[in-house]
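Notes follow once the structure below has been shown.
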Amino acid sequence: MRRTLQLIHILVIVLIIRVPLESRAADKVRLALFEYAPLIGENVKGYGIEPAIVTAAFKQVNIAVEYEFFPPARTMKSAEKGVHDGTVGWVWSEEREKLFYYSDPIFEAPLLLFHLKEFVFDWETMDDLKGIPIG
């Protein structure tokens, strides 16, 4: 039982859920995903590390997971409107927390900025990036 509770705790950490799962009887959960290779992807084994963790956690409580891929904005809207039960892989924001249940992250990755080697610059804060086109 303790292991199941630990797995459920892991699950809550990576999901954004519109309706609390405990408030509904379900044998299947439908989640919207967006491509964020190599962490999340339709052609990645298990759809990536985060969806694989979610799938394993739900499996422990006999709930199947169905995933559907969309562009990021549509992924969020689908979960927000209740078309899907939730979505995986989002960074916390105050705005999203008003709409969804969140928990602490279990997967952390550094935020990186890539640039051409020929474009030399140093930066410490976001203010140092002002005036530099980023895309």
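Residue numbering restarts at 1 for every chain of the structure tokens, chains are lettered A, B, ... in their displayed order, and ligands are numbered from 1 as they appear.
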| request: Give the alpha helix (DSSP H) residues of segment 15-129 of chain A, as DSSP finds them on the backbone, and put them as a PyMOL selection string. | output: chain A and resi 49-60+72-80+94-97
| said: Give me the residues near segment 36-42 of chain A as a PyMOL selection string, where near means some atom within 9 Å (using only C-alpha atoms) and where sequence neighbours in that chain fewer than 4 positions away do not count. | reply: chain A and resi 46-51+68-69+88-89
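The interatomic distance for the pair atom CA of Glu97 of chain A and atom CA of Arg74 of chain A works out to 17.5 Å.
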| Of the listed residues A:Leu113, A:Ala73, A:Asp85, A:Asp122, that which approaches Tyr101 of chain A most closely, counting only C-alpha atoms |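 Under the stated criterion, the closest residue is A:Asp85.
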| Pick the closest to Lys59 of chain A from A:Val120, A:Val29, A:Val91, A:Ile132: which is it, counting only C-alpha atoms? | A:Val29
| query | DSSP on the backbone: what in segment 41-128 of chain A comes out strand (DSSP E or B), as number ranges by chain? | reply | A: 48, 64-69, 86-88, 101
| said: What's around Leu31 of chain A at 8 Å? Count only C-alpha atoms, leave out sequence neighbours fewer than 3 positions away in its own chain, and write the answer as an NGL selection string. | reply: :A and (65-68 or 79 or 84-88)
Could you write those residues out with N, CA, C and O atoms, as an mmCIF file, in the first residue's frame?
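For reference, result25.cif as written:
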data_model
loop_
_atom_site.group_PDB
_atom_site.id
_atom_site.type_symbol
_atom_site.label_atom_id
_atom_site.label_comp_id
_atom_site.auth_asym_id
_atom_site.auth_seq_id
_atom_site.Cartn_x
_atom_site.Cartn_y
_atom_site.Cartn_z
ATOM 1 N N VAL A 65 -4.307 4.771 -19.233
ATOM 2 C CA VAL A 65 -4.087 6.148 -19.668
ATOM 3 C C VAL A 65 -4.130 6.191 -21.184
ATOM 4 O O VAL A 65 -3.498 5.388 -21.860
ATOM 5 N N GLU A 66 -4.884 7.118 -21.691
ATOM 6 C CA GLU A 66 -4.974 7.348 -23.131
ATOM 7 C C GLU A 66 -4.400 8.734 -23.404
ATOM 8 O O GLU A 66 -4.803 9.712 -22.775
ATOM 9 N N TYR A 67 -3.443 8.819 -24.339
ATOM 10 C CA TYR A 67 -2.797 10.085 -24.659
ATOM 11 C C TYR A 67 -3.202 10.538 -26.050
ATOM 12 O O TYR A 67 -3.393 9.727 -26.947
ATOM 13 N N GLU A 68 -3.288 11.837 -26.205
ATOM 14 C CA GLU A 68 -3.532 12.418 -27.516
ATOM 15 C C GLU A 68 -2.633 13.647 -27.651
ATOM 16 O O GLU A 68 -2.529 14.446 -26.716
ATOM 17 N N ALA A 79 -7.383 20.486 -21.977
ATOM 18 C CA ALA A 79 -7.466 20.146 -20.553
ATOM 19 C C ALA A 79 -8.319 21.167 -19.811
ATOM 20 O O ALA A 79 -9.124 20.817 -18.949
ATOM 21 N N HIS A 84 -10.081 16.722 -22.182
ATOM 22 C CA HIS A 84 -9.161 15.735 -21.613
ATOM 23 C C HIS A 84 -9.111 15.954 -20.103
ATOM 24 O O HIS A 84 -9.415 17.048 -19.617
ATOM 25 N N ASP A 85 -8.717 14.921 -19.380
ATOM 26 C CA ASP A 85 -8.696 15.002 -17.917
ATOM 27 C C ASP A 85 -7.534 15.830 -17.392
ATOM 28 O O ASP A 85 -7.556 16.271 -16.249
ATOM 29 N N GLY A 86 -6.526 16.015 -18.196
ATOM 30 C CA GLY A 86 -5.366 16.778 -17.764
ATOM 31 C C GLY A 86 -4.294 16.751 -18.819
ATOM 32 O O GLY A 86 -4.518 16.316 -19.953
ATOM 33 N N THR A 87 -3.122 17.200 -18.443
ATOM 34 C CA THR A 87 -1.988 17.243 -19.348
ATOM 35 C C THR A 87 -0.712 17.108 -18.525
ATOM 36 O O THR A 87 -0.735 17.274 -17.306
ATOM 37 N N VAL A 88 0.371 16.785 -19.169
ATOM 38 C CA VAL A 88 1.634 16.480 -18.493
ATOM 39 C C VAL A 88 2.734 17.376 -19.052
ATOM 40 O O VAL A 88 2.741 17.694 -20.236
#
| task | Would you list the contacts of Asp27 of chain A as an MDAnalysis selection string, taking every protein, DNA or RNA residue within 9 Å and counting only C-alpha atoms, but skipping same-chain residues closer than 5 positions in sequence? | result | chainID A and resid 62:65
| request: Identify which of the residues A:Ala52, A:Leu33, A:Ala57, A:Ala26 lies closest to Pro72 of chain A, counting only C-alpha atoms when measuring atom-to-atom distances. | output: A:Leu33
